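Okay, upload_33.cif is below, mmCIF, C-alpha atoms:
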data_data
loop_
_atom_site.label_atom_id
_atom_site.label_comp_id
_atom_site.auth_asym_id
_atom_site.auth_seq_id
_atom_site.Cartn_x
_atom_site.Cartn_y
_atom_site.Cartn_z
CA MET A 196 0.00 0.00 0.00
CA LEU A 197 1.30 3.43 -0.97
CA GLY A 198 0.78 6.52 1.20
CA ALA A 199 0.50 4.36 4.31
CA SER A 200 1.29 7.15 6.79
CA GLY A 201 -1.24 9.66 5.45
CA PHE A 202 -4.76 10.37 6.65
CA LEU A 203 -6.41 7.87 4.32
CA GLY A 204 -3.49 5.47 4.32
CA GLN A 205 -3.45 4.98 8.08
CA HIS A 206 -7.10 4.01 8.13
CA VAL A 207 -6.77 1.67 5.15
CA LEU A 208 -3.75 0.03 6.77
CA THR A 209 -5.67 -0.43 10.03
CA ARG A 210 -8.57 -2.01 8.14
CA LEU A 211 -6.29 -4.43 6.29
CA ARG A 212 -4.56 -5.49 9.48
CA GLU A 213 -7.89 -5.96 11.25
CA ARG A 214 -8.75 -8.43 8.50
CA SER A 215 -5.33 -10.13 8.80
CA ILE A 216 -4.42 -9.19 5.23
CA GLU A 217 -0.69 -9.30 4.56
CA CYS A 218 0.29 -5.78 3.58
CA VAL A 219 3.48 -3.92 2.73
CA ALA A 220 3.19 -0.34 4.04
CA ILE A 221 5.09 2.20 1.94
CA THR A 222 5.51 5.90 2.72
CA ARG A 223 6.93 8.82 0.73
CA THR A 224 9.75 9.44 3.22
CA PRO A 225 11.32 6.93 5.63
CA LYS A 226 9.29 6.47 8.81
CA GLN A 227 9.75 4.09 11.67
CA GLY A 228 7.30 1.21 11.67
CA PHE A 229 6.76 1.14 7.90
CA ASP A 230 8.23 -1.27 5.38
CA ALA A 231 9.71 1.01 2.72
CA ALA A 232 9.77 4.56 1.42
CA ILE A 233 9.73 6.02 -2.07
CA ASP A 234 8.80 9.34 -3.65
CA LEU A 235 7.02 8.30 -6.83
CA ALA A 236 7.14 11.83 -8.21
CA ARG A 237 10.92 12.06 -8.09
CA ALA A 238 12.37 8.56 -7.90
CA PRO A 239 14.00 7.23 -11.09
CA GLN A 240 11.81 4.80 -13.00
CA ASP A 241 14.21 1.90 -12.52
CA VAL A 242 14.15 2.40 -8.73
CA VAL A 243 10.34 2.22 -8.70
CA ASN A 244 10.48 -0.79 -11.02
CA ASP A 245 12.87 -2.58 -8.66
CA LEU A 246 10.67 -1.80 -5.66
CA ILE A 247 7.63 -3.30 -7.35
CA SER A 248 9.63 -6.34 -8.39
CA SER A 249 10.97 -6.86 -4.87
CA PHE A 250 7.51 -7.07 -3.31
CA ALA A 251 5.69 -8.74 -6.22
CA PRO A 252 2.29 -7.34 -5.16
CA THR A 253 -1.02 -8.93 -6.03
CA THR A 254 -2.80 -5.65 -5.28
CA VAL A 255 -1.64 -2.05 -4.90
CA ILE A 256 -3.81 0.45 -3.03
CA ASN A 257 -2.62 3.96 -3.82
CA CYS A 258 -3.46 6.38 -1.02
CA SER A 259 -0.60 8.71 -1.94
CA GLY A 260 -0.84 12.01 -3.78
CA ALA A 261 -0.63 15.76 -3.37
CA VAL A 262 -3.60 17.65 -1.92
CA ARG A 263 -2.05 21.10 -1.63
CA GLY A 264 0.84 23.17 -2.91
CA SER A 265 1.60 24.85 -6.22
CA THR A 266 0.27 23.59 -9.52
CA THR A 267 3.70 22.07 -10.11
CA ASP A 268 3.55 20.25 -6.77
CA LEU A 269 0.12 18.88 -7.63
CA MET A 270 1.23 17.82 -11.09
CA LEU A 271 4.24 15.98 -9.73
CA GLY A 272 2.43 14.37 -6.82
CA ASN A 273 -0.66 13.27 -8.72
CA VAL A 274 0.18 12.91 -12.41
CA VAL A 275 3.91 12.20 -12.69
CA ALA A 276 3.76 9.87 -9.70
CA MET A 277 0.85 7.95 -11.23
CA GLN A 278 2.56 7.56 -14.58
CA THR A 279 5.68 6.26 -12.85
CA LEU A 280 3.65 3.75 -10.83
CA LEU A 281 1.69 2.54 -13.85
CA LEU A 282 4.84 1.96 -15.88
CA ALA A 283 6.29 -0.07 -13.03
CA LEU A 284 3.13 -2.14 -12.63
CA LEU A 285 2.69 -2.80 -16.34
CA GLY A 286 6.33 -3.82 -16.63
CA ARG A 287 6.97 -5.70 -13.38
CA ALA A 288 3.59 -6.75 -11.96
CA PRO A 289 1.13 -6.78 -14.88
CA SER A 290 -1.31 -9.10 -13.12
CA ALA A 291 -1.57 -6.93 -10.00
CA ARG A 292 -4.73 -4.97 -9.25
CA LEU A 293 -4.48 -1.22 -8.73
CA VAL A 294 -6.97 0.58 -6.49
CA GLN A 295 -6.53 4.29 -7.04
CA LEU A 296 -8.15 6.71 -4.58
CA GLY A 297 -9.47 9.55 -6.70
CA SER A 298 -11.58 12.56 -5.75
CA SER A 299 -15.00 14.06 -6.34
CA ALA A 300 -13.04 17.21 -7.30
CA GLU A 301 -12.65 15.49 -10.67
CA TYR A 302 -16.33 16.20 -11.34
CA GLY A 303 -16.24 19.86 -10.38
CA ALA A 304 -19.53 21.71 -9.92
CA PRO A 305 -22.63 19.70 -10.90
CA THR A 306 -24.95 21.03 -13.56
CA ALA A 307 -28.01 20.18 -11.46
CA GLU A 308 -28.85 19.41 -7.85
CA ALA A 309 -29.01 15.67 -8.39
CA PRO A 310 -26.70 12.83 -7.31
CA MET A 311 -23.72 12.48 -9.62
CA ASP A 312 -22.99 9.07 -11.07
CA GLU A 313 -19.80 7.89 -12.74
CA GLN A 314 -21.04 9.11 -16.13
CA SER A 315 -21.41 12.69 -14.91
CA PRO A 316 -19.26 15.24 -16.77
CA THR A 317 -15.77 15.74 -15.38
CA GLN A 318 -15.27 19.50 -15.22
CA PRO A 319 -12.73 20.24 -12.47
CA GLY A 320 -12.61 23.76 -11.11
CA SER A 321 -9.21 23.67 -9.45
CA PRO A 322 -5.63 22.54 -10.15
CA TYR A 323 -6.13 19.76 -7.62
CA GLY A 324 -9.21 18.50 -9.46
CA TYR A 325 -7.46 18.67 -12.84
CA THR A 326 -4.44 16.71 -11.64
CA LYS A 327 -6.58 14.06 -9.92
CA LEU A 328 -8.60 13.70 -13.11
CA ALA A 329 -5.41 13.37 -15.15
CA ALA A 330 -4.26 10.60 -12.81
CA SER A 331 -7.59 8.83 -13.18
CA GLU A 332 -7.40 9.07 -16.95
CA LEU A 333 -3.96 7.47 -16.86
CA VAL A 334 -5.34 4.63 -14.75
CA LEU A 335 -8.26 4.10 -17.10
CA ARG A 336 -5.94 4.09 -20.09
CA ALA A 337 -3.77 1.46 -18.40
CA ARG A 338 -6.93 -0.52 -17.71
CA SER A 339 -7.73 -0.45 -21.44
CA GLN A 340 -4.27 -1.93 -21.99
CA GLY A 341 -5.02 -4.86 -19.70
CA LEU A 342 -4.22 -3.65 -16.18
CA ASP A 343 -6.70 -4.71 -13.50
CA ALA A 344 -7.48 -1.27 -12.11
CA THR A 345 -10.23 0.83 -10.58
CA VAL A 346 -10.62 4.46 -9.50
CA LEU A 347 -12.60 5.17 -6.34
CA ARG A 348 -13.79 8.77 -6.49
CA ILE A 349 -13.98 9.83 -2.86
CA PHE A 350 -16.36 12.61 -1.85
CA ASN A 351 -15.82 14.88 1.18
CA ILE A 352 -14.09 12.96 3.96
CA SER A 353 -14.71 13.27 7.69
CA GLY A 354 -13.59 11.16 10.60
CA PRO A 355 -10.83 10.74 13.20
CA GLN A 356 -7.49 12.38 12.40
CA SER A 357 -9.04 14.67 9.78
CA PRO A 358 -6.20 17.05 8.82
CA THR A 359 -6.57 20.77 9.29
CA SER A 360 -6.54 21.15 5.50
CA THR A 361 -10.10 19.77 5.47
CA MET A 362 -13.02 21.97 6.49
CA LEU A 363 -13.96 19.74 9.42
CA GLY A 364 -10.38 19.35 10.63
CA GLY A 365 -9.74 23.06 10.32
CA LEU A 366 -12.85 24.01 12.26
CA ILE A 367 -12.03 21.53 15.01
CA GLU A 368 -8.55 22.98 15.34
CA GLN A 369 -10.06 26.46 15.51
CA LEU A 370 -12.47 25.44 18.28
CA ARG A 371 -9.88 23.42 20.15
CA THR A 372 -7.32 26.22 20.34
CA ALA A 373 -9.65 29.18 20.80
CA THR A 374 -9.38 31.36 23.87
CA GLY A 375 -12.61 32.69 25.30
CA GLN A 376 -15.82 32.13 23.39
CA PRO A 377 -14.89 30.99 19.87
CA LYS A 378 -16.57 32.28 16.74
CA ILE A 379 -16.85 30.47 13.42
CA THR A 380 -17.35 32.73 10.40
CA LEU A 381 -17.96 31.08 7.04
CA ASP A 382 -18.53 32.52 3.58
CA SER A 383 -21.67 30.43 3.21
CA LEU A 384 -23.79 28.18 5.40
CA ALA A 385 -26.01 27.23 2.49
CA GLY A 386 -23.71 24.87 0.59
CA TRP A 387 -24.58 21.18 0.41
CA ARG A 388 -21.94 18.45 0.40
CA ASP A 389 -21.77 14.66 0.63
CA TYR A 390 -19.60 13.62 3.59
CA VAL A 391 -18.29 10.08 4.05
CA ASP A 392 -16.37 8.82 7.08
CA VAL A 393 -12.74 7.88 6.49
CA ARG A 394 -13.37 4.45 8.04
CA ASP A 395 -16.02 3.80 5.40
CA VAL A 396 -13.55 4.95 2.74
CA ALA A 397 -11.02 2.45 4.10
CA ALA A 398 -13.64 -0.29 3.94
CA ALA A 399 -14.38 0.61 0.31
CA ALA A 400 -10.69 0.46 -0.62
CA CYS A 401 -10.39 -2.96 1.00
CA SER A 402 -13.55 -4.18 -0.74
CA ALA A 403 -12.12 -3.15 -4.11
CA ALA A 404 -8.74 -4.69 -3.31
CA LEU A 405 -10.19 -8.03 -2.23
CA LEU A 406 -13.09 -8.33 -4.66
CA ASP A 407 -13.22 -11.72 -6.34
CA GLY A 408 -14.10 -10.68 -9.84
CA GLU A 409 -13.79 -7.68 -12.12
CA VAL A 410 -13.72 -4.28 -10.46
CA PRO A 411 -15.62 -1.37 -12.04
CA PRO A 412 -13.54 1.24 -13.89
CA VAL A 413 -14.81 4.02 -11.58
CA ALA A 414 -16.90 3.93 -8.42
CA ASN A 415 -18.16 6.85 -6.35
CA ILE A 416 -17.56 6.59 -2.61
CA GLY A 417 -19.81 8.86 -0.55
CA ARG A 418 -22.79 8.64 1.77
CA GLY A 419 -25.24 9.25 -1.06
CA GLU A 420 -26.84 12.21 0.67
CA ALA A 421 -26.13 15.94 0.71
CA VAL A 422 -25.93 17.77 4.04
CA GLN A 423 -26.14 21.54 4.41
CA THR A 424 -22.99 23.15 5.76
CA GLY A 425 -24.76 25.11 8.46
CA ASP A 426 -26.41 21.98 9.83
CA TRP A 427 -23.29 19.89 10.31
CA VAL A 428 -21.27 22.82 11.65
CA LYS A 429 -23.98 23.44 14.27
CA HIS A 430 -23.74 19.78 15.25
CA LEU A 431 -19.96 20.14 15.62
CA ILE A 432 -20.47 23.11 17.94
CA GLU A 433 -22.92 21.06 20.01
CA VAL A 434 -20.49 18.15 20.25
CA SER A 435 -17.61 20.44 21.20
CA ARG A 436 -19.60 22.10 24.00
CA THR A 437 -17.63 25.26 23.32
CA GLY A 438 -20.67 27.49 22.87
CA ALA A 439 -19.08 28.84 19.71
CA LEU A 440 -20.95 31.47 17.73
CA LEU A 441 -21.68 30.67 14.08
CA GLU A 442 -22.20 33.35 11.49
CA GLU A 443 -22.05 33.98 7.80
CA ARG A 444 -19.51 36.48 6.56
CA SER A 445 -21.00 39.93 6.01
CA GLY A 446 -22.26 40.44 2.49
CA SER A 447 -22.93 36.78 1.79
CA ALA A 448 -26.04 36.20 3.90
CA GLY A 449 -29.38 36.36 2.11
CA THR A 450 -27.93 36.08 -1.39
CA HIS A 451 -28.24 32.35 -1.89
CA LYS A 452 -31.80 32.04 -3.18
CA ALA A 453 -31.12 34.72 -5.75
CA SER A 454 -28.01 32.95 -7.00
CA ALA A 455 -28.78 29.29 -6.49
CA GLY A 456 -26.36 28.28 -9.22
CA ALA A 457 -23.49 29.62 -7.14
CA VAL A 458 -24.34 27.47 -4.12
CA ALA A 459 -22.00 24.52 -3.66
CA TRP A 460 -24.04 21.33 -4.03
CA GLN A 461 -22.56 17.90 -4.40
CA CYS A 462 -23.90 14.43 -3.78
CA ALA A 463 -22.72 10.99 -4.89
CA ASP A 464 -24.72 8.29 -6.57
CA ILE A 465 -23.18 5.20 -4.94
CA THR A 466 -25.12 2.56 -6.88
CA ILE A 467 -22.02 1.09 -8.53
CA ALA A 468 -20.10 0.82 -5.26
CA ARG A 469 -23.09 -0.89 -3.66
CA LYS A 470 -23.76 -3.32 -6.51
CA ARG A 471 -20.26 -4.01 -7.82
CA LEU A 472 -18.15 -3.73 -4.67
CA GLY A 473 -20.72 -4.85 -2.13
CA TRP A 474 -19.99 -1.69 -0.14
CA MET A 475 -22.22 0.67 1.77
CA PRO A 476 -21.39 3.50 4.22
CA THR A 477 -22.11 2.57 7.82
CA VAL A 478 -20.92 5.53 9.93
CA PRO A 479 -23.54 8.29 10.36
CA LEU A 480 -22.23 11.80 9.84
CA THR A 481 -23.19 12.72 13.41
CA ASP A 482 -21.00 9.89 14.74
CA SER A 483 -18.20 10.85 12.38
CA ILE A 484 -18.21 14.45 13.62
CA ARG A 485 -18.30 13.31 17.24
CA ASP A 486 -15.42 10.86 16.77
CA THR A 487 -13.36 13.45 14.91
CA TRP A 488 -13.78 15.91 17.77
CA LEU A 489 -12.97 13.31 20.42
CA ALA A 490 -9.89 12.14 18.51
CA ALA A 491 -8.59 15.72 18.30
CA THR A 492 -9.13 16.26 22.00
CA ALA A 493 -7.66 12.93 23.15
CA GLY A 494 -11.05 11.60 24.16
CA TYR A 495 -11.50 9.05 21.39
CA THR A 496 -10.51 5.39 21.42
CA SER A 497 -10.54 3.47 18.15
CA THR A 498 -12.80 0.42 18.11
#

Final structure tokens representation of the file:
Amino acid sequence: MLGASGFLGQHVLTRLRERSIECVAITRTPKQGFDAAIDLARAPQDVVNDLISSFAPTTVINCSGAVRGSTTDLMLGNVVAMQTLLLALLGRAPSARLVQLGSSAEYGAPTAEAPMDEQSPTQPGSPYGYTKLAASELVLRARSQGLDATVLRIFNISGPQSPTSTMLGGLIEQLRTATGQPKITLDSLAGWRDYVDVRDVAAAACSAALLDGEVPPVANIGRGEAVQTGDWVKHLIEVSRTGALLEERSGSAGTHKASAGAVAWQCADITIARKRLGWMPTVPLTDSIRDTWLAATAGYTST
């Protein structure tokens, strides 16, 4: 498994070990307790080839990638790294299965407020979305050349250890470190997003990795329901017991009905994941928010 020390990777690794699946845990930089380290974006092709040969994997789950940084950083971490990995797999482990963790950012803004399926247009609105889509297209091209591969397009992730780069993780850090009565000010409370717990994402990755049969080219991984931003943030405040004040930034309140097209709305159609992978989300968003808060404040124990 690649990206084993990251947010997603740690949960996938835990899930694999809980199921007693033999797994080689690989990180980008050397870390104690992991099996190997390699930077796919910068390592010479022959070094990556040799690494793949040395482990002879039957399945590779790729949790690595760049989520922030310059456009160059994103291109290297998501596109160059993927091309390097695919060349190594096609040359040294052509029968291995690749499970690539993609992103709903590949779809961009929906054209209508309806669940997006895997045939929805891919119209990224950010460098991150473009580079994740490019990586997915490389995977799908390799699949057309015979590689056993699938892309899991992950929607908004919540859950324990959520990094501060995510909206939930950032708000928790803000509440946790605030002095006095905290205040949360957001540009909009009217946006709707599909949040899926990271433990459910890990279960989906394992389902795809262990599936006996052909995996789908692309599968959406979400809860299959859209939740309004203001609602889940209010629940976070309740869970935190901080009494934080929640408000919309001045100038944005009251404009949403007049400009509905500008409101962020995103929801996954998870039919393919349910039917082809035998996967369904099991962690309610309320539980996910609670566990994320408790984990950040040392009050959460993994079960």

Q: List, as a PyMOL selection string, every residue that the PyMOL selection byres ((chain A and resi 262-276) around 7) selects in the file provided.
A: chain A and resi 235-236+260-261+277-280+322-323+326-327+329-330

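Matched in the shown structure by the PyMOL selection byres ((chain A and resi 285) around 12): A:Val243, A:Asn244, A:Ile247, A:Ser248, A:Gln278, A:Thr279, A:Leu280, A:Leu281, A:Leu282, A:Ala283, A:Leu284, A:Gly286, A:Arg287, A:Ala288, A:Pro289, A:Ser290, A:Ala291, A:Arg292, A:Leu293, A:Val334, A:Arg336, A:Ala337, A:Arg338, A:Ser339, A:Gln340, A:Gly341, A:Leu342, A:Asp343, A:Ala344.
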
Let's have the selection written as a PDB file, in the coordinates of the input, with C-alpha atoms.
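And here's selection27.pdb as it stands now:
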ATOM      1  CA  VAL A 243      10.340   2.220  -8.700  1.00  0.00           C
ATOM      2  CA  ASN A 244      10.480  -0.790 -11.020  1.00  0.00           C
ATOM      3  CA  ILE A 247       7.630  -3.300  -7.350  1.00  0.00           C
ATOM      4  CA  SER A 248       9.630  -6.340  -8.390  1.00  0.00           C
ATOM      5  CA  GLN A 278       2.560   7.560 -14.580  1.00  0.00           C
ATOM      6  CA  THR A 279       5.680   6.260 -12.850  1.00  0.00           C
ATOM      7  CA  LEU A 280       3.650   3.750 -10.830  1.00  0.00           C
ATOM      8  CA  LEU A 281       1.690   2.540 -13.850  1.00  0.00           C
ATOM      9  CA  LEU A 282       4.840   1.960 -15.880  1.00  0.00           C
ATOM     10  CA  ALA A 283       6.290  -0.070 -13.030  1.00  0.00           C
ATOM     11  CA  LEU A 284       3.130  -2.140 -12.630  1.00  0.00           C
ATOM     12  CA  GLY A 286       6.330  -3.820 -16.630  1.00  0.00           C
ATOM     13  CA  ARG A 287       6.970  -5.700 -13.380  1.00  0.00           C
ATOM     14  CA  ALA A 288       3.590  -6.750 -11.960  1.00  0.00           C
ATOM     15  CA  PRO A 289       1.130  -6.780 -14.880  1.00  0.00           C
ATOM     16  CA  SER A 290      -1.310  -9.100 -13.120  1.00  0.00           C
ATOM     17  CA  ALA A 291      -1.570  -6.930 -10.000  1.00  0.00           C
ATOM     18  CA  ARG A 292      -4.730  -4.970  -9.250  1.00  0.00           C
ATOM     19  CA  LEU A 293      -4.480  -1.220  -8.730  1.00  0.00           C
ATOM     20  CA  VAL A 334      -5.340   4.630 -14.750  1.00  0.00           C
ATOM     21  CA  ARG A 336      -5.940   4.090 -20.090  1.00  0.00           C
ATOM     22  CA  ALA A 337      -3.770   1.460 -18.400  1.00  0.00           C
ATOM     23  CA  ARG A 338      -6.930  -0.520 -17.710  1.00  0.00           C
ATOM     24  CA  SER A 339      -7.730  -0.450 -21.440  1.00  0.00           C
ATOM     25  CA  GLN A 340      -4.270  -1.930 -21.990  1.00  0.00           C
ATOM     26  CA  GLY A 341      -5.020  -4.860 -19.700  1.00  0.00           C
ATOM     27  CA  LEU A 342      -4.220  -3.650 -16.180  1.00  0.00           C
ATOM     28  CA  ASP A 343      -6.700  -4.710 -13.500  1.00  0.00           C
ATOM     29  CA  ALA A 344      -7.480  -1.270 -12.110  1.00  0.00           C
TER      30      ALA A 344
END

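Here, the PyMOL selection byres ((chain A and resi 381-387) around 7) matches Ile379, Thr380, Arg388, Ala421, Val422, Gln423, Thr424, Gly425, Glu442, Glu443, Arg444, Ser447, Val458, Ala459, Trp460 and Gln461 of chain A.
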
Please provide the set of residues having any atom within 9 Å of Arg485 of chain A, restricted to only C-alpha atoms, with same-chain residues fewer than 6 positions apart removed, written as a compact mmCIF listing (two decimals) with C-alpha atoms, keeping the file's coordinate frame.
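result.txt, freshly written:
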# COMPACT_ATOMS: atom_id res chain seq x y z
CA GLY A 354 -13.59 11.16 10.60
CA PRO A 355 -10.83 10.74 13.20
CA HIS A 430 -23.74 19.78 15.25
CA LEU A 431 -19.96 20.14 15.62
CA VAL A 434 -20.49 18.15 20.25
CA SER A 435 -17.61 20.44 21.20

Q: Skip Asp230 of chain A itself and residues of its chain fewer than 3 positions away, then list as a ChimeraX atom specification all residues within 10 Å of it, counting only C-alpha atoms.
A: /A:196,199,218-222,225-227

Save the residues we just selected, C-alpha atoms, as an mmCIF file, in the coordinates of the input?
data_model
loop_
_atom_site.group_PDB
_atom_site.id
_atom_site.type_symbol
_atom_site.label_atom_id
_atom_site.label_comp_id
_atom_site.auth_asym_id
_atom_site.auth_seq_id
_atom_site.Cartn_x
_atom_site.Cartn_y
_atom_site.Cartn_z
ATOM 1 C CA MET A 196 0.000 0.000 0.000
ATOM 2 C CA ALA A 199 0.500 4.360 4.310
ATOM 3 C CA CYS A 218 0.290 -5.780 3.580
ATOM 4 C CA VAL A 219 3.480 -3.920 2.730
ATOM 5 C CA ALA A 220 3.190 -0.340 4.040
ATOM 6 C CA ILE A 221 5.090 2.200 1.940
ATOM 7 C CA THR A 222 5.510 5.900 2.720
ATOM 8 C CA PRO A 225 11.320 6.930 5.630
ATOM 9 C CA LYS A 226 9.290 6.470 8.810
ATOM 10 C CA GLN A 227 9.750 4.090 11.670
#

Box for segment 396-414 of chain A - axis-aligned, 8 Å on each of the six sides, all listed atoms - centre and size in Å to one decimal, as lines of an AutoDock Vina configuration file.
center_x = -12.8
center_y = -3.4
center_z = -4.9
size_x = 24.2
size_y = 32.7
size_z = 34.0

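The residue that comes closest to Cys401 of chain A, out of A:Leu208, A:Leu335, A:Ile233, A:Ile416 and on the basis of only C-alpha atoms, is A:Leu208.
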
Q | atom CA of Cys462 of chain A to atom CA of Gly365 of chain A, straight-line distance in Å | A | 21.8 Å

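Atom CA of Ala300 of chain A is positioned 14.4 Å from atom CA of Val391 of chain A.
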
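Minimum atom-to-atom distance to Glu433 of chain A, evaluated using only C-alpha atoms, belongs to A:Ile484 out of A:Gly204, A:Pro316, A:Ile484, A:Arg223.
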
Q. So, counting only C-alpha atoms, which residue among A:Arg348, A:Arg418, A:Arg394, A:Arg471 is closest to Val207 of chain A?
A. A:Arg394

Q: Write out as a PyMOL selection string the residues lying within 9 Å of Ala404 of chain A, counting only C-alpha atoms and excluding same-chain residues fewer than 3 positions away.
A: chain A and resi 254-256+292-294+399-401+407+410

Q. Any idea what the distance is between atom CA of Phe229 of chain A and atom CA of Gly201 of chain A?
A. 11.9 Å
